[in-house]
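Source file: query-v4.cif (mmCIF, C-alpha atoms and all ligand atoms)
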```
data_start
loop_
_atom_site.label_atom_id
_atom_site.label_comp_id
_atom_site.auth_asym_id
_atom_site.auth_seq_id
_atom_site.Cartn_x
_atom_site.Cartn_y
_atom_site.Cartn_z
CA MET L 1 -21.13 -34.99 -66.86
CA ALA L 2 -20.29 -36.28 -63.38
CA SER L 3 -21.61 -34.19 -60.48
CA ILE L 4 -20.47 -33.61 -56.92
CA ARG L 5 -23.22 -36.02 -55.87
CA ASP L 6 -21.73 -38.74 -58.10
CA TYR L 7 -18.32 -38.05 -56.51
CA ASP L 8 -19.63 -38.21 -52.94
CA ARG L 9 -21.63 -41.37 -53.67
CA ALA L 10 -18.53 -43.12 -55.07
CA ALA L 11 -16.39 -42.01 -52.10
CA SER L 12 -18.94 -43.24 -49.62
CA ASP L 13 -19.38 -46.58 -51.41
CA GLN L 14 -15.59 -47.09 -51.45
CA ARG L 15 -15.53 -46.32 -47.72
CA ARG L 16 -18.31 -48.68 -46.65
CA PRO L 17 -17.54 -50.37 -43.29
CA GLY L 18 -15.10 -53.28 -43.43
CA LYS L 19 -16.04 -56.93 -43.03
CA GLU L 20 -15.91 -58.25 -39.46
CA GLY L 21 -16.14 -61.79 -38.11
CA ALA L 22 -13.94 -64.83 -38.13
CA GLY L 23 -14.47 -67.49 -40.76
CA ASP L 24 -12.04 -70.16 -41.90
CA ALA L 25 -11.19 -68.41 -45.15
CA LEU L 26 -10.02 -64.84 -45.27
CA ASP L 27 -11.88 -62.56 -47.68
CA MET L 28 -8.70 -61.40 -49.47
CA THR L 29 -10.48 -58.99 -51.84
CA GLU L 30 -11.93 -57.23 -48.81
CA LEU L 31 -8.44 -56.99 -47.29
CA VAL L 32 -7.15 -55.34 -50.47
CA ARG L 33 -10.13 -52.94 -50.61
CA LEU L 34 -9.36 -51.77 -47.08
CA ALA L 35 -5.61 -51.53 -47.84
CA THR L 36 -6.33 -49.17 -50.75
CA LEU L 37 -8.06 -46.74 -48.36
CA ALA L 38 -4.63 -45.97 -46.84
CA ALA L 39 -2.87 -42.65 -47.37
CA SER L 40 -0.45 -42.27 -50.28
CA SER L 41 1.70 -39.39 -51.42
CA HIS L 42 -0.38 -37.15 -53.80
CA ASN L 43 -2.95 -39.99 -53.71
CA THR L 44 -0.83 -41.70 -56.36
CA GLN L 45 -1.72 -45.13 -54.90
CA PRO L 46 1.68 -46.42 -56.05
CA TRP L 47 0.82 -50.03 -55.29
CA LYS L 48 -0.27 -53.33 -56.76
CA PHE L 49 -1.55 -56.27 -54.71
CA ARG L 50 -0.84 -59.95 -55.34
CA ILE L 51 -3.06 -62.39 -53.49
CA GLY L 52 -1.41 -65.67 -52.50
CA GLU L 53 -2.03 -68.59 -50.18
CA ARG L 54 -2.70 -66.86 -46.82
CA CYS L 55 -0.64 -63.86 -47.87
CA VAL L 56 -0.93 -60.57 -49.74
CA THR L 57 2.11 -58.98 -51.39
CA VAL L 58 2.13 -55.20 -51.79
CA LEU L 59 4.26 -54.33 -54.83
CA PRO L 60 5.60 -50.87 -55.72
CA ASP L 61 4.13 -49.41 -58.91
CA PHE L 62 7.02 -47.30 -60.18
CA ALA L 63 4.86 -45.98 -63.03
CA ARG L 64 3.21 -43.85 -60.31
CA ARG L 65 6.36 -42.36 -58.80
CA CYS L 66 6.84 -38.61 -58.32
CA PRO L 67 10.44 -37.99 -59.32
CA VAL L 68 10.47 -34.30 -58.39
CA VAL L 69 9.02 -34.29 -54.89
CA ASP L 70 10.17 -37.84 -54.12
CA PRO L 71 13.39 -38.51 -56.06
CA ASP L 72 14.51 -41.42 -53.83
CA ASP L 73 11.01 -43.04 -53.72
CA SER L 74 10.92 -42.71 -49.93
CA HIS L 75 7.31 -41.42 -49.97
CA LEU L 76 6.43 -44.26 -52.33
CA PHE L 77 7.70 -46.92 -49.90
CA LYS L 78 6.06 -45.11 -46.95
CA SER L 79 2.79 -45.33 -48.90
CA LEU L 80 3.27 -49.12 -49.25
CA GLY L 81 3.76 -49.22 -45.45
CA CYS L 82 0.46 -47.37 -44.98
CA ALA L 83 -1.37 -49.95 -47.12
CA ALA L 84 0.33 -52.85 -45.27
CA GLU L 85 -0.77 -51.43 -41.91
CA ASN L 86 -4.40 -51.42 -43.03
CA LEU L 87 -3.98 -55.09 -44.03
CA VAL L 88 -2.97 -55.89 -40.42
CA HIS L 89 -6.15 -54.39 -38.95
CA ALA L 90 -8.42 -55.73 -41.70
CA ALA L 91 -7.07 -59.27 -41.19
CA ALA L 92 -7.51 -59.01 -37.40
CA ALA L 93 -11.18 -58.11 -37.94
CA GLN L 94 -11.47 -61.44 -39.80
CA GLY L 95 -9.78 -63.36 -36.94
CA HIS L 96 -6.25 -63.51 -38.36
CA ALA L 97 -2.92 -62.19 -37.07
CA ALA L 98 -0.64 -60.69 -39.71
CA GLU L 99 3.13 -60.63 -39.97
CA ILE L 100 4.61 -57.90 -42.21
CA CYS L 101 8.05 -58.36 -43.84
CA PHE L 102 10.01 -56.36 -46.37
CA ASP L 103 11.35 -58.58 -49.15
CA ALA L 104 14.61 -56.84 -50.08
CA THR L 105 15.12 -58.87 -53.27
CA GLU L 106 11.73 -58.11 -54.79
CA GLU L 107 11.37 -54.76 -52.97
CA THR L 108 7.87 -55.74 -51.89
CA VAL L 109 6.00 -55.77 -48.60
CA VAL L 110 4.58 -59.18 -47.73
CA ALA L 111 1.70 -59.70 -45.27
CA ARG L 112 1.34 -63.30 -44.04
CA PHE L 113 -1.80 -64.28 -42.17
CA GLU L 114 -2.44 -66.92 -39.53
CA ARG L 115 -5.65 -67.80 -37.72
CA SER L 116 -5.62 -66.36 -34.18
CA GLY L 117 -8.13 -66.63 -31.37
CA ALA L 118 -6.94 -63.26 -30.05
CA ALA L 119 -7.41 -61.34 -33.31
CA ARG L 120 -10.56 -59.23 -33.51
CA ALA L 121 -11.94 -55.98 -34.95
CA SER L 122 -10.38 -52.97 -33.20
CA ASP L 123 -11.13 -49.26 -33.03
CA LEU L 124 -8.29 -48.75 -35.51
CA PHE L 125 -9.94 -51.20 -37.93
CA ARG L 126 -13.30 -49.41 -37.67
CA ALA L 127 -11.52 -46.09 -38.32
CA ILE L 128 -10.11 -47.22 -41.72
CA PRO L 129 -13.05 -45.84 -43.75
CA ARG L 130 -13.12 -42.61 -41.70
CA ARG L 131 -9.38 -41.80 -41.80
CA GLN L 132 -8.56 -38.89 -44.05
CA CYS L 133 -6.03 -36.08 -44.43
CA THR L 134 -8.04 -33.04 -43.40
CA ARG L 135 -6.34 -30.00 -44.93
CA THR L 136 -8.67 -27.37 -43.41
CA ALA L 137 -7.94 -25.12 -40.41
CA TYR L 138 -8.59 -26.84 -37.06
CA ASP L 139 -10.45 -25.32 -34.11
CA GLY L 140 -7.41 -24.22 -32.09
CA SER L 141 -8.26 -26.36 -29.06
CA SER L 142 -5.62 -28.45 -27.32
CA LEU L 143 -5.85 -32.23 -26.96
CA ALA L 144 -6.14 -34.20 -23.73
CA SER L 145 -2.76 -35.44 -22.51
CA ASP L 146 -3.95 -39.08 -22.40
CA HIS L 147 -4.91 -38.79 -26.09
CA LEU L 148 -1.48 -37.35 -26.92
CA LYS L 149 0.22 -40.16 -24.98
CA LEU L 150 -1.84 -42.78 -26.79
CA LEU L 151 -0.96 -41.27 -30.19
CA GLU L 152 2.72 -41.14 -29.27
CA ARG L 153 2.57 -44.80 -28.27
CA VAL L 154 0.85 -46.10 -31.41
CA GLY L 155 3.23 -44.00 -33.53
CA GLN L 156 6.15 -46.14 -32.36
CA GLY L 157 7.44 -48.95 -34.56
CA ASN L 158 10.52 -51.02 -35.18
CA GLY L 159 13.29 -48.35 -35.16
CA VAL L 160 10.66 -45.62 -35.45
CA ARG L 161 9.29 -43.14 -32.95
CA THR L 162 6.95 -40.16 -33.00
CA ILE L 163 7.90 -36.85 -31.46
CA LEU L 164 5.00 -34.58 -30.51
CA LEU L 165 5.59 -30.82 -30.63
CA THR L 166 2.91 -28.99 -28.65
CA SER L 167 4.37 -25.66 -27.47
CA ARG L 168 3.86 -22.38 -29.32
CA PRO L 169 7.62 -21.85 -29.98
CA GLN L 170 7.87 -25.41 -31.37
CA LEU L 171 4.92 -24.82 -33.74
CA ASP L 172 6.40 -21.43 -34.76
CA CYS L 173 9.65 -23.20 -35.63
CA VAL L 174 7.73 -25.65 -37.90
CA VAL L 175 5.91 -22.69 -39.51
CA GLU L 176 9.27 -21.12 -40.34
CA TYR L 177 10.60 -24.28 -42.06
CA VAL L 178 7.31 -24.86 -43.91
CA THR L 179 7.43 -21.26 -45.18
CA ARG L 180 10.99 -21.72 -46.44
CA GLY L 181 10.01 -25.05 -48.01
CA ASN L 182 7.07 -23.46 -49.85
CA GLU L 183 9.34 -20.76 -51.23
CA ILE L 184 11.73 -23.36 -52.70
CA GLN L 185 9.10 -25.84 -53.92
CA LEU L 186 6.63 -23.37 -55.42
CA THR L 187 9.25 -21.43 -57.37
CA ASP L 188 10.42 -24.69 -58.99
CA PRO L 189 8.55 -25.13 -62.32
CA LEU L 190 9.14 -28.90 -62.26
CA PHE L 191 7.64 -29.23 -58.77
CA ARG L 192 4.60 -27.20 -59.85
CA LYS L 193 4.15 -29.24 -63.04
CA GLU L 194 4.27 -32.53 -61.14
CA LEU L 195 1.88 -31.28 -58.45
CA VAL L 196 -0.65 -29.96 -60.99
CA SER L 197 -0.51 -33.26 -62.91
CA TRP L 198 -1.94 -34.95 -59.77
CA ILE L 199 -4.66 -32.36 -59.09
CA ARG L 200 -8.18 -33.34 -60.15
CA PHE L 201 -10.09 -30.12 -60.79
CA ASN L 202 -13.62 -31.54 -61.09
CA PRO L 203 -15.62 -34.67 -60.13
CA GLY L 204 -15.43 -36.00 -63.71
CA GLU L 205 -11.61 -36.06 -63.71
CA ALA L 206 -11.47 -37.51 -60.20
CA LEU L 207 -13.96 -40.27 -61.00
CA LEU L 208 -12.22 -41.10 -64.27
CA THR L 209 -8.77 -41.64 -62.71
CA GLY L 210 -9.83 -42.57 -59.14
CA ASP L 211 -6.58 -41.02 -57.89
CA GLY L 212 -4.88 -37.67 -57.31
CA ILE L 213 -5.68 -34.72 -55.07
CA SER L 214 -9.26 -33.78 -55.74
CA GLY L 215 -10.39 -30.15 -55.42
CA ARG L 216 -13.47 -31.55 -53.67
CA THR L 217 -11.38 -32.61 -50.63
CA GLY L 218 -10.15 -29.03 -50.19
CA GLY L 219 -13.54 -27.41 -50.79
CA GLN L 220 -12.49 -25.91 -54.14
CA PRO L 221 -15.18 -25.29 -56.79
CA SER L 222 -15.46 -27.71 -59.69
CA LEU L 223 -13.61 -26.30 -62.74
CA PRO L 224 -12.72 -27.45 -66.25
CA ARG L 225 -9.07 -28.54 -66.29
CA TRP L 226 -7.87 -25.63 -68.48
CA LEU L 227 -9.45 -23.09 -66.12
CA GLY L 228 -8.25 -24.85 -62.96
CA LYS L 229 -4.68 -24.84 -64.30
CA ALA L 230 -4.87 -21.15 -65.24
CA ILE L 231 -6.22 -20.19 -61.80
CA ILE L 232 -3.67 -22.29 -59.92
CA ASP L 233 -0.88 -20.58 -61.86
CA LEU L 234 -2.13 -17.28 -60.43
CA VAL L 235 -3.15 -18.20 -56.88
CA LEU L 236 -0.65 -20.90 -55.86
CA THR L 237 2.14 -18.51 -54.88
CA PRO L 238 4.75 -19.27 -52.18
CA LYS L 239 3.29 -16.46 -50.05
CA ALA L 240 -0.33 -17.59 -50.36
CA GLN L 241 0.61 -21.19 -49.53
CA ALA L 242 2.88 -20.13 -46.65
CA ASP L 243 0.09 -17.96 -45.18
CA ALA L 244 -2.43 -20.79 -45.45
CA ASP L 245 0.00 -23.31 -43.92
CA ALA L 246 0.90 -20.90 -41.07
CA ARG L 247 -2.80 -20.35 -40.33
CA ASN L 248 -3.50 -24.08 -40.44
CA LEU L 249 -0.48 -24.95 -38.27
CA ARG L 250 -1.37 -22.31 -35.67
CA SER L 251 -4.94 -23.69 -35.55
CA SER L 252 -3.56 -27.17 -34.74
CA ALA L 253 -3.05 -28.71 -31.31
CA ALA L 254 0.29 -30.35 -32.10
CA VAL L 255 2.71 -31.47 -34.79
CA ALA L 256 3.92 -35.06 -34.92
CA VAL L 257 7.33 -35.79 -36.44
CA PHE L 258 7.99 -39.42 -37.38
CA VAL L 259 11.69 -40.23 -37.04
CA ALA L 260 13.62 -43.41 -37.84
CA ALA L 261 17.04 -44.75 -36.96
CA ARG L 262 17.71 -45.63 -40.62
CA GLY L 263 16.82 -44.10 -43.97
CA ASP L 264 16.42 -47.18 -46.18
CA LYS L 265 13.44 -48.91 -47.77
CA PRO L 266 12.53 -51.15 -44.78
CA ALA L 267 12.67 -48.04 -42.54
CA TRP L 268 10.43 -46.08 -44.94
CA VAL L 269 7.89 -48.94 -44.87
CA GLU L 270 8.03 -48.96 -41.04
CA VAL L 271 7.48 -45.19 -40.91
CA GLY L 272 4.50 -45.52 -43.26
CA ARG L 273 3.05 -48.19 -40.97
CA ALA L 274 3.61 -46.02 -37.88
CA TYR L 275 1.97 -42.99 -39.53
CA GLU L 276 -1.05 -45.02 -40.70
CA ARG L 277 -1.51 -46.51 -37.21
CA PHE L 278 -1.21 -43.03 -35.70
CA SER L 279 -3.75 -41.53 -38.10
CA LEU L 280 -6.18 -44.43 -37.58
CA GLN L 281 -5.90 -43.94 -33.82
CA ALA L 282 -6.44 -40.21 -34.31
CA ALA L 283 -9.52 -40.87 -36.47
CA ALA L 284 -10.85 -43.27 -33.81
CA LEU L 285 -10.57 -40.39 -31.30
CA ASP L 286 -12.22 -37.98 -33.79
CA ILE L 287 -8.90 -36.13 -34.13
CA ARG L 288 -7.92 -34.88 -37.60
CA SER L 289 -4.49 -34.93 -39.20
CA ALA L 290 -2.75 -33.50 -42.28
CA PHE L 291 0.80 -33.54 -43.60
CA VAL L 292 3.20 -30.57 -43.66
CA ASN L 293 6.24 -32.30 -45.15
CA GLN L 294 8.02 -29.35 -46.80
CA PRO L 295 10.90 -29.28 -44.23
CA ILE L 296 11.83 -32.88 -45.10
CA GLU L 297 10.94 -32.87 -48.81
CA VAL L 298 13.30 -29.96 -49.49
CA ARG L 299 16.67 -31.64 -49.10
CA ALA L 300 18.49 -28.38 -48.30
CA LEU L 301 16.22 -27.77 -45.28
CA ARG L 302 16.16 -31.24 -43.80
CA PRO L 303 19.46 -31.19 -41.82
CA GLN L 304 18.58 -27.82 -40.25
CA PHE L 305 15.08 -28.97 -39.42
CA GLU L 306 16.45 -32.18 -37.89
CA SER L 307 18.92 -30.25 -35.76
CA SER L 308 16.01 -28.17 -34.41
CA LEU L 309 14.64 -31.43 -32.91
CA ASP L 310 16.28 -33.35 -30.09
CA LEU L 311 17.19 -36.39 -32.23
CA ASP L 312 19.36 -39.33 -31.30
CA GLY L 313 21.08 -39.63 -34.69
CA GLU L 314 17.68 -40.32 -36.30
CA ARG L 315 16.19 -38.89 -39.50
CA ALA L 316 12.90 -37.02 -39.72
CA LEU L 317 10.73 -38.80 -42.31
CA LEU L 318 7.17 -37.43 -42.00
CA ILE L 319 5.54 -34.37 -40.41
CA VAL L 320 1.84 -34.22 -39.53
CA ARG L 321 -0.33 -31.64 -37.77
CA ILE L 322 -3.25 -32.77 -35.60
CA GLY L 323 -6.28 -31.16 -34.01
CA ARG L 324 -10.06 -30.98 -33.96
CA ALA L 325 -12.15 -30.12 -37.02
CA PRO L 326 -15.20 -31.46 -38.88
CA LEU L 327 -14.55 -34.16 -41.48
CA ALA L 328 -13.97 -32.91 -45.03
CA PRO L 329 -15.11 -34.65 -48.26
CA PHE L 330 -13.15 -37.87 -48.85
CA SER L 331 -10.64 -38.68 -51.59
CA LEU L 332 -11.29 -41.38 -54.19
CA ARG L 333 -9.55 -44.66 -54.97
CA ARG L 334 -8.92 -46.62 -58.17
CA ARG L 335 -11.00 -49.70 -58.98
CA LEU L 336 -9.81 -52.89 -57.29
CA GLU L 337 -9.26 -54.64 -60.64
CA ASP L 338 -6.79 -51.89 -61.56
CA VAL L 339 -4.58 -52.52 -58.52
CA MET L 340 -4.47 -56.31 -58.70
CA SER L 341 -1.24 -57.84 -59.92
CA THR L 342 -1.50 -61.01 -61.97
C1 LIG L 401 4.26 -40.57 -47.62
C2 LIG L 401 3.16 -39.55 -47.77
C3 LIG L 401 3.46 -38.22 -47.96
C4 LIG L 401 2.46 -37.26 -48.06
N1 LIG L 401 2.78 -35.94 -48.19
C5 LIG L 401 1.81 -35.00 -48.18
C6 LIG L 401 2.14 -33.61 -48.16
O1 LIG L 401 3.31 -33.22 -48.15
N2 LIG L 401 1.11 -32.71 -48.15
C7 LIG L 401 -0.20 -33.10 -48.13
O2 LIG L 401 -1.09 -32.25 -48.09
N3 LIG L 401 -0.54 -34.43 -48.13
C8 LIG L 401 0.43 -35.36 -48.15
N4 LIG L 401 0.10 -36.70 -48.10
C9 LIG L 401 -1.32 -37.07 -48.01
C10 LIG L 401 -1.90 -37.55 -49.32
O3 LIG L 401 -2.03 -36.49 -50.23
C11 LIG L 401 -3.24 -38.25 -49.03
O4 LIG L 401 -3.00 -39.39 -48.28
C12 LIG L 401 -3.96 -38.63 -50.31
O5 LIG L 401 -4.34 -37.47 -51.02
C13 LIG L 401 -5.21 -39.47 -50.05
O6 LIG L 401 -6.11 -38.78 -49.22
P1 LIG L 401 -6.59 -39.37 -47.81
O7 LIG L 401 -5.35 -39.63 -47.01
O8 LIG L 401 -7.45 -38.26 -47.24
O9 LIG L 401 -7.35 -40.61 -48.10
C14 LIG L 401 1.11 -37.67 -48.00
C15 LIG L 401 0.79 -39.03 -47.83
C16 LIG L 401 1.81 -39.96 -47.69
C17 LIG L 401 1.47 -41.41 -47.45
#
```
Will you turn the file into structure tokens for me?
Amino acid sequence: MASIRDYDRAASDQRRPGKEGAGDALDMTELVRLATLAASSHNTQPWKFRIGERCVTVLPDFARRCPVVDPDDSHLFKSLGCAAENLVHAAAAQGHAAEICFDATEETVVARFERSGAARASDLFRAIPRRQCTRTAYDGSSLASDHLKLLERVGQGNGVRTILLTSRPQLDCVVEYVTRGNEIQLTDPLFRKELVSWIRFNPGEALLTGDGISGRTGGQPSLPRWLGKAIIDLVLTPKAQADADARNLRSSAAVAVFVAARGDKPAWVEVGRAYERFSLQAAALDIRSAFVNQPIEVRALRPQFESSLDLDGERALLIVRIGRAPLAPFSLRRRLEDVMST
């Protein structure tokens, strides 16, 4: 039976430092390995990678969609954007500039690489193996204004910007929407069923699938699946989740809302890229981040939440809290051969 030590060893091997140094040929397999370390909704890793001549195509894997929480596949395409952003930094570390395009016919994200004297390993690149969603409470301290400004800047993209909410009333407003979102989501049997199907209750399950939300990342004890499911039925109530989210939000220094001028697939990819860049920059500054997306996932809440922000006709597409905390155990990834497209 797999142990916690086996789990941690696999996570740390998957997150070994990325390859640096310019050679003539790009190490494409290494680029894909680093792309797979990106965030994805429920850790579904809804992607396949096709390696071509100086390009990598990131394809959606619709077999891994989450129709309840993500009926329009917007989280799925944001996840592809996250992976594409890692490709940019991984290629730069190997001396290549990358251009990212959305192919509307194939619905894929294409990264094309070109040798560049200016491209080199950056802090964001070195943060790829250390980036994680840290779902614990943070230490309540505020962040330096130059760090906040830097995060706001890297969170900008083509038609995308990041709004930072730092005041107590602003955080209280997010708490209120997250609480209402939990009430709606966690009383929906279909939402609960889908969520539980992606939870990995012990190291054996997590290592077998290499995906999903592992109990290990949230500090939960290792349980057989039948027992984990029975316990979650009892403890995952709207009130318990709302209390935990309120505590976690109030322990955070700020909330970042990623907004975009459009709400189509290219915009979702851009938002995913902006989030990944933001979270890499945060990791490079030893700042933690975690999602609190309930106000945008629950369609009935989204317009009200958006009108609570000072938006310029934009849509809110991701919500993330940030602050200081120790690193938590890392999530796992699938084997590279399982994400390669032929
Ligand atoms: C588009 C998108 C939406 C996400 N939504 C949530 C969310 O609502 N709540 C949450 O706790 N994590 C959310 N996540 C984080 C994933 O669960 C996380 O990236 C995944 O479990 C892998 O873990 P890691 O990011 O620590 O490597 C989201 C990630 C993405 C890319």
Using all atoms listed in the file for the distances, tell me which of L:Gly323, L:Gly204, L:Pro238, L:Pro169 is nearest to Arg192 in chain L.
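Using all atoms listed in the file, the shortest distance to Arg192 in chain L belongs to L:Pro238.
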Restrict the calculation to all atoms listed in the file, then for each residue of chain L with any atom at most 8 Å from an atom of ligand LIG 401 (chain L) give the closest atom pair and their distance in Å to one decimal, rows by chain and rising residue number, as JSON lines.
```
{"residue": "L:Leu37", "atom": "CA", "partner": "L:LIG401", "partner_atom": "O9", "distance": 6.2}
{"residue": "L:Ala38", "atom": "CA", "partner": "L:LIG401", "partner_atom": "O9", "distance": 6.1}
{"residue": "L:Ala39", "atom": "CA", "partner": "L:LIG401", "partner_atom": "O4", "distance": 3.4}
{"residue": "L:Ser40", "atom": "CA", "partner": "L:LIG401", "partner_atom": "C17", "distance": 3.5}
{"residue": "L:Ser41", "atom": "CA", "partner": "L:LIG401", "partner_atom": "C15", "distance": 3.7}
{"residue": "L:His42", "atom": "CA", "partner": "L:LIG401", "partner_atom": "O3", "distance": 4.0}
{"residue": "L:Asn43", "atom": "CA", "partner": "L:LIG401", "partner_atom": "C12", "distance": 3.8}
{"residue": "L:Thr44", "atom": "CA", "partner": "L:LIG401", "partner_atom": "C12", "distance": 7.5}
{"residue": "L:Ser74", "atom": "CA", "partner": "L:LIG401", "partner_atom": "C1", "distance": 7.4}
{"residue": "L:His75", "atom": "CA", "partner": "L:LIG401", "partner_atom": "C1", "distance": 3.9}
{"residue": "L:Leu76", "atom": "CA", "partner": "L:LIG401", "partner_atom": "C1", "distance": 6.4}
{"residue": "L:Phe77", "atom": "CA", "partner": "L:LIG401", "partner_atom": "C1", "distance": 7.6}
{"residue": "L:Lys78", "atom": "CA", "partner": "L:LIG401", "partner_atom": "C1", "distance": 4.9}
{"residue": "L:Ser79", "atom": "CA", "partner": "L:LIG401", "partner_atom": "C17", "distance": 4.4}
{"residue": "L:Cys82", "atom": "CA", "partner": "L:LIG401", "partner_atom": "C17", "distance": 6.5}
{"residue": "L:Arg131", "atom": "CA", "partner": "L:LIG401", "partner_atom": "O9", "distance": 6.7}
{"residue": "L:Gln132", "atom": "CA", "partner": "L:LIG401", "partner_atom": "O8", "distance": 3.4}
{"residue": "L:Cys133", "atom": "CA", "partner": "L:LIG401", "partner_atom": "O8", "distance": 3.8}
{"residue": "L:Thr134", "atom": "CA", "partner": "L:LIG401", "partner_atom": "O8", "distance": 6.5}
{"residue": "L:Arg135", "atom": "CA", "partner": "L:LIG401", "partner_atom": "O2", "distance": 6.5}
{"residue": "L:Gly212", "atom": "CA", "partner": "L:LIG401", "partner_atom": "O5", "distance": 6.3}
{"residue": "L:Ile213", "atom": "CA", "partner": "L:LIG401", "partner_atom": "O5", "distance": 5.1}
{"residue": "L:Ser214", "atom": "CA", "partner": "L:LIG401", "partner_atom": "O5", "distance": 7.8}
{"residue": "L:Thr217", "atom": "CA", "partner": "L:LIG401", "partner_atom": "O8", "distance": 7.7}
{"residue": "L:Gly272", "atom": "CA", "partner": "L:LIG401", "partner_atom": "C1", "distance": 6.6}
{"residue": "L:Ala290", "atom": "CA", "partner": "L:LIG401", "partner_atom": "O2", "distance": 6.2}
{"residue": "L:Phe291", "atom": "CA", "partner": "L:LIG401", "partner_atom": "N2", "distance": 4.6}
{"residue": "L:Val292", "atom": "CA", "partner": "L:LIG401", "partner_atom": "O1", "distance": 5.2}
{"residue": "L:Asn293", "atom": "CA", "partner": "L:LIG401", "partner_atom": "O1", "distance": 4.3}
{"residue": "L:Gln294", "atom": "CA", "partner": "L:LIG401", "partner_atom": "O1", "distance": 6.2}
{"residue": "L:Glu297", "atom": "CA", "partner": "L:LIG401", "partner_atom": "O1", "distance": 7.7}
{"residue": "L:Leu318", "atom": "CA", "partner": "L:LIG401", "partner_atom": "C3", "distance": 7.1}
{"residue": "L:Phe330", "atom": "CA", "partner": "L:LIG401", "partner_atom": "O8", "distance": 5.9}
{"residue": "L:Ser331", "atom": "CA", "partner": "L:LIG401", "partner_atom": "O6", "distance": 5.1}
{"residue": "L:Leu332", "atom": "CA", "partner": "L:LIG401", "partner_atom": "O9", "distance": 7.3}
```
Interatomic distance between CA of Glu176 in chain L and CA of Ala242 in chain L?
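Going from CA of Glu176 in chain L over to CA of Ala242 in chain L covers 9.0 Å.
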Minimum-distance residue to Val269 in chain L, chosen among L:Ala206, L:Ile184, L:Ala83, L:Leu150 (using all atoms listed in the file)
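When distances to Val269 in chain L are compared using all atoms listed in the file, the smallest one comes from L:Ala83.
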Identify, on the basis of only C-alpha atoms, every residue whose closest approach to Leu34 in chain L does not exceed 8 Å; exclude the query and any residue fewer than 2 positions from it along the same chain; express the result as a ChimeraX atom specification.
/L:18,30-32,36-38,86-87,90,128-129
Atomic distance CA of Asp310 in chain L - CA of Leu171 in chain L, expressed in Å with one decimal
14.7 Å
Record the distance separating CA of Arg161 in chain L and CA of Glu106 in chain L, expressed in Å with one decimal.
26.6 Å
Taking 5 positions as the minimum chain separation for residues in the same chain, which residues sit within 9 Å of Cys173 in chain L when counting all atoms listed in the file? Answer as a CSV table (one decimal) with C-alpha atoms, in the coordinates of the input.
```
chain,number,residue,atom,x,y,z
L,168,ARG,CA,3.9,-22.4,-29.3
L,178,VAL,CA,7.3,-24.9,-43.9
L,305,PHE,CA,15.1,-29.0,-39.4
L,308,SER,CA,16.0,-28.2,-34.4
```
Near range 111-120 of chain L, counting all atoms listed in the file, which residues have an atom at most 12 Å away, once you skip same-chain residues fewer than 3 positions from it, shown as a PyMOL selection string?
chain L and resi 19-28+31-32+35+49-59+80-81+83-103+108+123-126
If you count only C-alpha atoms, which residues fall within 8 Å of Phe278 in chain L, apart from same-chain ones fewer than 5 positions away, as an MDAnalysis selection string?
chainID L and resid 151:152 154:155
Who sits within 10 Å of Asn182 in chain L, all atoms listed in the file, same chain under 2 positions skipped, as number ranges by chain:
L: 177-180, 184-188, 237-242, 245, 294-295, 298
Counting all atoms listed in the file, the residue of L:Val196, L:Leu280, L:Leu311, L:Ala254 that sits nearest Trp226 in chain L
L:Val196
Check the smallest atom-to-atom distance from each of L:Val109, L:Leu336, L:Val160, L:Ala328 to Gly215 in chain L using all atoms listed in the file, then report the winner.
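Under the stated criterion, the closest residue is L:Ala328.
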Of the listed residues L:Asp139, L:Glu183, L:Glu205, L:Glu194, that which approaches Asp6 in chain L most closely, counting only C-alpha atoms:
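With only C-alpha atoms as the atom set, the closest residue is L:Glu205.
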Could you list as an MDAnalysis selection string every residue that has an atom within 8 Å of (0.5, -44.6, -59.8), using the file's coordinates and counting all atoms listed in the file?
chainID L and resid 44:47 61:65
For Ser145 in chain L, which residue out of L:Ala316, L:Asp73, L:Ala253, L:Leu223 is the nearest one, using only C-alpha atoms?
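Going through L:Ala316, L:Asp73, L:Ala253, L:Leu223 one by one, the smallest distance to Ser145 in chain L is for L:Ala253.
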